[in-house]
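Only one structure is covered here, and it is reproduced in the block below.
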Amino acid sequence: VTGAPYDLERNVKFIDAPGFNRAVYSGNFLRTLKKRAQFQLDTHCESDPLTDAFDYQRTMSATSIAEFDDAFIAPVYGFENNIDYYRKSSCIYFLDGVAVPLFIINAGDDPFFDPDIHPIEKSVDGGGPAPIKMQRTDHGGHLGFMFHQLSDAEKNEDRTSSWMPTELARFIHHVHHYDNREVDEKRSH
């Protein structure tokens, strides 16, 4: 998983707070979300701004992600309000129950996420009960390392993919090797 939303309630406060993130990221994201809401209205609600599916006027006049989530996301997806949506969709509440190996990569400079949230204590490296490996890079932005194009220097090092696919392949190899080791141990007993 990359860009794991550990705590959406805190994240929305971070992105909606006055400053660079709100001016650049929140504003652009909100414009995109409103276009999507308009498409939903036109496609699924017969272009009726008085639809019962969501509050169209509040959706289109929202000035923050939190307001948009409360007016559109919550009612469309069956949540009581935006806070209910954040609490039921934040992965931090579910990490202890993970039963299969999971690799989470987030960037410390992701403008959509509060940089103070990195629950390493939920990972195997932090003593958590679930088979979770967490990695946090200093840089990468919001999923930026997923779309990294190799530089000429990286190509000269005979690299064939950017950092993210390489790390995921290493994790999968590790899990596969570990699983095979457990099978071999059971056979020998």
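FYI, nothing fancy with the structure tokens labels: chains A, B, ... in order, residues from 1 per chain, ligands from 1 as they appear.
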
* **Test item: residues at most 12 Å from Ala107 of chain A, only C-alpha atoms, excluding those fewer than 4 positions along its chain, as an MDAnalysis selection string** => chainID A and resid 1:5 111:118 134:146 164

For N, CA, C and O atoms, I'd like the residues from the last selection saved as a compact mmCIF listing (two decimals), in the first residue's frame.
# COMPACT_ATOMS: atom_id res chain seq x y z
N VAL A 1 0.85 -1.17 0.00
CA VAL A 1 0.00 0.00 0.00
C VAL A 1 0.89 1.22 0.00
O VAL A 1 1.86 1.29 0.74
N THR A 2 0.54 2.18 -0.79
CA THR A 2 1.25 3.45 -0.75
C THR A 2 0.24 4.57 -0.57
O THR A 2 -0.88 4.49 -1.07
N GLY A 3 0.62 5.57 0.19
CA GLY A 3 -0.31 6.64 0.49
C GLY A 3 -1.41 6.17 1.43
O GLY A 3 -2.58 6.51 1.26
N ALA A 4 -1.04 5.39 2.43
CA ALA A 4 -2.03 4.84 3.37
C ALA A 4 -2.60 5.96 4.24
O ALA A 4 -1.85 6.67 4.91
N PRO A 5 -3.92 6.11 4.25
CA PRO A 5 -4.55 7.16 5.07
C PRO A 5 -4.70 6.72 6.52
O PRO A 5 -5.74 6.23 6.92
N PRO A 111 1.69 16.10 0.94
CA PRO A 111 0.89 17.25 1.34
C PRO A 111 -0.53 16.91 1.79
O PRO A 111 -1.22 17.74 2.35
N PHE A 112 -0.96 15.68 1.55
CA PHE A 112 -2.32 15.28 1.94
C PHE A 112 -2.35 14.67 3.35
O PHE A 112 -3.43 14.46 3.89
N PHE A 113 -1.19 14.37 3.91
CA PHE A 113 -1.14 13.66 5.19
C PHE A 113 -0.37 14.45 6.24
O PHE A 113 0.70 14.99 5.96
N ASP A 114 -0.88 14.44 7.45
CA ASP A 114 -0.21 15.07 8.57
C ASP A 114 1.13 14.36 8.79
O ASP A 114 1.15 13.15 9.04
N PRO A 115 2.24 15.08 8.72
CA PRO A 115 3.55 14.43 8.85
C PRO A 115 3.83 13.86 10.24
O PRO A 115 4.75 13.07 10.41
N ASP A 116 3.04 14.25 11.23
CA ASP A 116 3.24 13.74 12.59
C ASP A 116 2.64 12.36 12.79
O ASP A 116 2.82 11.75 13.84
N ILE A 117 1.91 11.85 11.79
CA ILE A 117 1.27 10.55 11.93
C ILE A 117 2.09 9.50 11.18
O ILE A 117 2.17 9.50 9.95
N HIS A 118 2.71 8.64 11.94
CA HIS A 118 3.42 7.49 11.38
C HIS A 118 3.45 6.42 12.48
O HIS A 118 4.36 6.35 13.29
N MET A 134 6.48 -1.13 7.58
CA MET A 134 6.23 0.26 7.21
C MET A 134 7.53 0.92 6.81
O MET A 134 8.56 0.72 7.45
N GLN A 135 7.42 1.72 5.78
CA GLN A 135 8.57 2.52 5.37
C GLN A 135 8.08 3.93 5.10
O GLN A 135 7.03 4.13 4.48
N ARG A 136 8.84 4.88 5.59
CA ARG A 136 8.50 6.29 5.36
C ARG A 136 9.71 6.96 4.76
O ARG A 136 10.77 7.01 5.38
N THR A 137 9.53 7.47 3.57
CA THR A 137 10.61 8.19 2.91
C THR A 137 10.53 9.67 3.31
O THR A 137 9.46 10.16 3.66
N ASP A 138 11.65 10.35 3.27
CA ASP A 138 11.63 11.79 3.55
C ASP A 138 10.89 12.54 2.45
O ASP A 138 10.18 13.50 2.70
N HIS A 139 11.09 12.07 1.22
CA HIS A 139 10.52 12.75 0.06
C HIS A 139 9.74 11.75 -0.79
O HIS A 139 9.93 10.55 -0.69
N GLY A 140 8.89 12.26 -1.61
CA GLY A 140 8.06 11.43 -2.47
C GLY A 140 6.73 12.09 -2.76
O GLY A 140 6.03 11.74 -3.69
N GLY A 141 6.36 13.06 -1.92
CA GLY A 141 5.10 13.76 -2.13
C GLY A 141 3.92 12.81 -2.04
O GLY A 141 3.99 11.78 -1.42
N HIS A 142 2.86 13.19 -2.72
CA HIS A 142 1.67 12.34 -2.72
C HIS A 142 1.79 11.35 -3.88
O HIS A 142 1.48 11.66 -5.01
N LEU A 143 2.30 10.17 -3.57
CA LEU A 143 2.47 9.07 -4.52
C LEU A 143 3.49 9.39 -5.61
O LEU A 143 3.51 8.72 -6.64
N GLY A 144 4.33 10.38 -5.39
CA GLY A 144 5.29 10.78 -6.40
C GLY A 144 6.28 9.70 -6.77
O GLY A 144 6.70 9.59 -7.92
N PHE A 145 6.68 8.87 -5.80
CA PHE A 145 7.66 7.84 -6.11
C PHE A 145 7.07 6.73 -6.96
O PHE A 145 7.77 5.91 -7.49
N MET A 146 5.76 6.71 -7.11
CA MET A 146 5.14 5.68 -7.96
C MET A 146 5.35 5.99 -9.44
O MET A 146 5.35 5.12 -10.27
N MET A 164 10.06 2.64 -6.24
CA MET A 164 8.87 2.00 -5.71
C MET A 164 8.68 0.56 -6.21
O MET A 164 8.52 -0.35 -5.40

Going by DSSP on the backbone, which bits of chain A are strand (DSSP E)? Write them as a PDB file with N, CA, C and O atoms, in the first residue's frame, please.
ATOM      1  N   LEU A 102       1.834  -7.179   4.942  1.00  0.00           N
ATOM      2  CA  LEU A 102       1.443  -5.903   4.349  1.00  0.00           C
ATOM      3  C   LEU A 102       2.631  -4.959   4.386  1.00  0.00           C
ATOM      4  O   LEU A 102       3.311  -4.852   5.406  1.00  0.00           O
ATOM      5  N   PHE A 103       2.870  -4.279   3.287  1.00  0.00           N
ATOM      6  CA  PHE A 103       3.952  -3.305   3.185  1.00  0.00           C
ATOM      7  C   PHE A 103       3.314  -1.951   2.921  1.00  0.00           C
ATOM      8  O   PHE A 103       2.572  -1.787   1.956  1.00  0.00           O
ATOM      9  N   ILE A 104       3.558  -0.998   3.803  1.00  0.00           N
ATOM     10  CA  ILE A 104       2.998   0.346   3.669  1.00  0.00           C
ATOM     11  C   ILE A 104       4.145   1.318   3.454  1.00  0.00           C
ATOM     12  O   ILE A 104       5.075   1.375   4.257  1.00  0.00           O
ATOM     13  N   ILE A 105       4.047   2.101   2.388  1.00  0.00           N
ATOM     14  CA  ILE A 105       5.040   3.135   2.103  1.00  0.00           C
ATOM     15  C   ILE A 105       4.323   4.473   2.022  1.00  0.00           C
ATOM     16  O   ILE A 105       3.386   4.635   1.238  1.00  0.00           O
ATOM     17  N   ASN A 106       4.752   5.413   2.847  1.00  0.00           N
ATOM     18  CA  ASN A 106       4.255   6.778   2.805  1.00  0.00           C
ATOM     19  C   ASN A 106       5.446   7.729   2.761  1.00  0.00           C
ATOM     20  O   ASN A 106       6.535   7.368   3.206  1.00  0.00           O
ATOM     21  N   ALA A 107       5.210   8.918   2.255  1.00  0.00           N
ATOM     22  CA  ALA A 107       6.256   9.936   2.203  1.00  0.00           C
ATOM     23  C   ALA A 107       6.037  10.956   3.308  1.00  0.00           C
ATOM     24  O   ALA A 107       4.901  11.380   3.555  1.00  0.00           O
ATOM     25  N   ILE A 132       3.065  -6.324   9.502  1.00  0.00           N
ATOM     26  CA  ILE A 132       3.115  -5.100   8.696  1.00  0.00           C
ATOM     27  C   ILE A 132       4.529  -4.549   8.697  1.00  0.00           C
ATOM     28  O   ILE A 132       5.149  -4.390   9.751  1.00  0.00           O
ATOM     29  N   LYS A 133       5.018  -4.243   7.529  1.00  0.00           N
ATOM     30  CA  LYS A 133       6.297  -3.545   7.355  1.00  0.00           C
ATOM     31  C   LYS A 133       5.950  -2.136   6.901  1.00  0.00           C
ATOM     32  O   LYS A 133       5.169  -1.950   5.965  1.00  0.00           O
ATOM     33  N   MET A 134       6.483  -1.132   7.584  1.00  0.00           N
ATOM     34  CA  MET A 134       6.231   0.259   7.209  1.00  0.00           C
ATOM     35  C   MET A 134       7.529   0.923   6.814  1.00  0.00           C
ATOM     36  O   MET A 134       8.558   0.715   7.447  1.00  0.00           O
ATOM     37  N   GLN A 135       7.421   1.716   5.779  1.00  0.00           N
ATOM     38  CA  GLN A 135       8.567   2.517   5.370  1.00  0.00           C
ATOM     39  C   GLN A 135       8.076   3.927   5.100  1.00  0.00           C
ATOM     40  O   GLN A 135       7.026   4.126   4.482  1.00  0.00           O
ATOM     41  N   ARG A 136       8.839   4.881   5.586  1.00  0.00           N
ATOM     42  CA  ARG A 136       8.496   6.286   5.364  1.00  0.00           C
ATOM     43  C   ARG A 136       9.710   6.965   4.761  1.00  0.00           C
ATOM     44  O   ARG A 136      10.770   7.007   5.383  1.00  0.00           O
ATOM     45  N   THR A 137       9.531   7.472   3.571  1.00  0.00           N
ATOM     46  CA  THR A 137      10.606   8.189   2.914  1.00  0.00           C
ATOM     47  C   THR A 137      10.531   9.666   3.310  1.00  0.00           C
ATOM     48  O   THR A 137       9.457  10.157   3.662  1.00  0.00           O
TER      49      THR A 137
END

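If you count only C-alpha atoms and ignore residues fewer than 2 places along the chain from Ser26 of chain A, what sits within 9 Å of it is A:Ile15, A:Asp16, A:Asn21, A:Arg22, A:Ala23, A:Val24, A:Asn28, A:Phe29, A:Leu30, A:Arg31, A:Ser64, A:Ile65, A:Phe112.
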
Please dump the current selection as a PDB file, in the first residue's frame; keep N, CA, C and O atoms.
ATOM      1  N   ILE A  15      -4.573  19.311   5.627  1.00  0.00           N
ATOM      2  CA  ILE A  15      -4.654  19.835   4.258  1.00  0.00           C
ATOM      3  C   ILE A  15      -5.552  21.068   4.171  1.00  0.00           C
ATOM      4  O   ILE A  15      -5.351  21.935   3.327  1.00  0.00           O
ATOM      5  N   ASP A  16      -6.547  21.166   5.061  1.00  0.00           N
ATOM      6  CA  ASP A  16      -7.454  22.315   5.040  1.00  0.00           C
ATOM      7  C   ASP A  16      -6.940  23.504   5.845  1.00  0.00           C
ATOM      8  O   ASP A  16      -7.526  24.584   5.799  1.00  0.00           O
ATOM      9  N   ASN A  21      -0.484  24.155   1.714  1.00  0.00           N
ATOM     10  CA  ASN A  21      -1.269  22.980   1.330  1.00  0.00           C
ATOM     11  C   ASN A  21      -2.691  23.349   0.931  1.00  0.00           C
ATOM     12  O   ASN A  21      -3.210  22.849  -0.063  1.00  0.00           O
ATOM     13  N   ARG A  22      -3.320  24.213   1.700  1.00  0.00           N
ATOM     14  CA  ARG A  22      -4.694  24.603   1.374  1.00  0.00           C
ATOM     15  C   ARG A  22      -4.720  25.406   0.076  1.00  0.00           C
ATOM     16  O   ARG A  22      -5.575  25.180  -0.773  1.00  0.00           O
ATOM     17  N   ALA A  23      -3.782  26.302  -0.074  1.00  0.00           N
ATOM     18  CA  ALA A  23      -3.770  27.159  -1.261  1.00  0.00           C
ATOM     19  C   ALA A  23      -3.504  26.368  -2.536  1.00  0.00           C
ATOM     20  O   ALA A  23      -4.126  26.607  -3.564  1.00  0.00           O
ATOM     21  N   VAL A  24      -2.610  25.421  -2.467  1.00  0.00           N
ATOM     22  CA  VAL A  24      -2.210  24.701  -3.673  1.00  0.00           C
ATOM     23  C   VAL A  24      -2.947  23.370  -3.810  1.00  0.00           C
ATOM     24  O   VAL A  24      -3.667  23.148  -4.784  1.00  0.00           O
ATOM     25  N   ASN A  28      -6.929  22.796  -5.565  1.00  0.00           N
ATOM     26  CA  ASN A  28      -6.957  22.027  -6.823  1.00  0.00           C
ATOM     27  C   ASN A  28      -7.745  20.733  -6.674  1.00  0.00           C
ATOM     28  O   ASN A  28      -8.527  20.364  -7.549  1.00  0.00           O
ATOM     29  N   PHE A  29      -7.540  20.050  -5.564  1.00  0.00           N
ATOM     30  CA  PHE A  29      -8.245  18.798  -5.318  1.00  0.00           C
ATOM     31  C   PHE A  29      -9.749  19.053  -5.213  1.00  0.00           C
ATOM     32  O   PHE A  29     -10.565  18.312  -5.767  1.00  0.00           O
ATOM     33  N   LEU A  30     -10.117  20.131  -4.543  1.00  0.00           N
ATOM     34  CA  LEU A  30     -11.526  20.477  -4.377  1.00  0.00           C
ATOM     35  C   LEU A  30     -12.187  20.758  -5.734  1.00  0.00           C
ATOM     36  O   LEU A  30     -13.316  20.320  -5.984  1.00  0.00           O
ATOM     37  N   ARG A  31     -11.491  21.449  -6.618  1.00  0.00           N
ATOM     38  CA  ARG A  31     -12.034  21.690  -7.970  1.00  0.00           C
ATOM     39  C   ARG A  31     -12.280  20.368  -8.695  1.00  0.00           C
ATOM     40  O   ARG A  31     -13.310  20.173  -9.341  1.00  0.00           O
ATOM     41  N   SER A  64     -13.670  23.799   1.584  1.00  0.00           N
ATOM     42  CA  SER A  64     -12.642  22.937   2.166  1.00  0.00           C
ATOM     43  C   SER A  64     -12.982  21.490   1.828  1.00  0.00           C
ATOM     44  O   SER A  64     -14.126  21.166   1.482  1.00  0.00           O
ATOM     45  N   ILE A  65     -11.990  20.643   1.950  1.00  0.00           N
ATOM     46  CA  ILE A  65     -12.205  19.211   1.721  1.00  0.00           C
ATOM     47  C   ILE A  65     -13.199  18.674   2.752  1.00  0.00           C
ATOM     48  O   ILE A  65     -14.083  17.885   2.420  1.00  0.00           O
ATOM     49  N   PHE A 112      -0.964  15.678   1.548  1.00  0.00           N
ATOM     50  CA  PHE A 112      -2.317  15.280   1.941  1.00  0.00           C
ATOM     51  C   PHE A 112      -2.354  14.668   3.346  1.00  0.00           C
ATOM     52  O   PHE A 112      -3.431  14.461   3.889  1.00  0.00           O
TER      53      PHE A 112
END

Worksheet item: Using only C-alpha atoms, which residues sit within 8 Å of segment 85-98 of chain A once same-chain residues fewer than 6 positions away are excluded, as number ranges by chain?
Response: A: 4-9, 73-74, 79, 119, 122, 128-132

Keeping N, CA, C and O atoms for every residue in the selection just given, could you write it to a file as a tab-separated table (two decimals), in the first residue's frame?
chain	number	residue	atom	x	y	z
A	4	ALA	N	-1.04	5.39	2.43
A	4	ALA	CA	-2.03	4.84	3.37
A	4	ALA	C	-2.60	5.96	4.24
A	4	ALA	O	-1.85	6.67	4.91
A	5	PRO	N	-3.92	6.11	4.25
A	5	PRO	CA	-4.55	7.16	5.07
A	5	PRO	C	-4.70	6.72	6.52
A	5	PRO	O	-5.74	6.23	6.92
A	6	TYR	N	-3.64	6.88	7.30
A	6	TYR	CA	-3.67	6.42	8.68
A	6	TYR	C	-4.82	7.06	9.47
A	6	TYR	O	-5.56	6.37	10.15
A	7	ASP	N	-4.94	8.38	9.41
A	7	ASP	CA	-5.95	9.08	10.20
A	7	ASP	C	-6.52	10.23	9.38
A	7	ASP	O	-5.99	11.34	9.38
A	8	LEU	N	-7.61	9.96	8.68
A	8	LEU	CA	-8.21	10.96	7.79
A	8	LEU	C	-8.71	12.18	8.55
A	8	LEU	O	-8.70	13.29	8.01
A	9	GLU	N	-9.15	11.99	9.76
A	9	GLU	CA	-9.65	13.12	10.55
A	9	GLU	C	-8.54	14.14	10.79
A	9	GLU	O	-8.74	15.35	10.67
A	73	ILE	N	-19.45	13.18	0.00
A	73	ILE	CA	-18.91	11.84	0.25
A	73	ILE	C	-19.74	11.08	1.29
A	73	ILE	O	-20.14	9.94	1.07
A	74	ALA	N	-19.99	11.72	2.43
A	74	ALA	CA	-20.72	11.03	3.50
A	74	ALA	C	-22.09	10.53	3.05
A	74	ALA	O	-22.38	9.33	3.19
A	79	PHE	N	-22.36	7.27	5.02
A	79	PHE	CA	-21.82	7.65	6.32
A	79	PHE	C	-22.73	8.71	6.95
A	79	PHE	O	-23.42	9.45	6.24
A	119	PRO	N	2.41	5.60	12.52
A	119	PRO	CA	2.24	4.66	13.64
A	119	PRO	C	3.16	3.44	13.56
A	119	PRO	O	2.71	2.30	13.47
A	122	LYS	N	2.66	0.08	15.22
A	122	LYS	CA	1.73	-0.92	14.69
A	122	LYS	C	2.44	-1.94	13.80
A	122	LYS	O	1.87	-2.95	13.42
A	128	GLY	N	4.48	-4.21	16.92
A	128	GLY	CA	3.06	-4.45	16.72
A	128	GLY	C	2.75	-5.91	16.46
A	128	GLY	O	3.62	-6.70	16.08
A	129	PRO	N	1.48	-6.30	16.65
A	129	PRO	CA	1.09	-7.71	16.52
A	129	PRO	C	0.88	-8.19	15.08
A	129	PRO	O	0.86	-9.39	14.83
A	130	ALA	N	0.70	-7.27	14.15
A	130	ALA	CA	0.36	-7.65	12.79
A	130	ALA	C	1.60	-7.71	11.90
A	130	ALA	O	2.60	-7.03	12.16
A	131	PRO	N	1.56	-8.53	10.84
A	131	PRO	CA	2.71	-8.67	9.93
A	131	PRO	C	2.80	-7.50	8.95
A	131	PRO	O	2.63	-7.64	7.75
A	132	ILE	N	3.07	-6.32	9.50
A	132	ILE	CA	3.11	-5.10	8.70
A	132	ILE	C	4.53	-4.55	8.70
A	132	ILE	O	5.15	-4.39	9.75
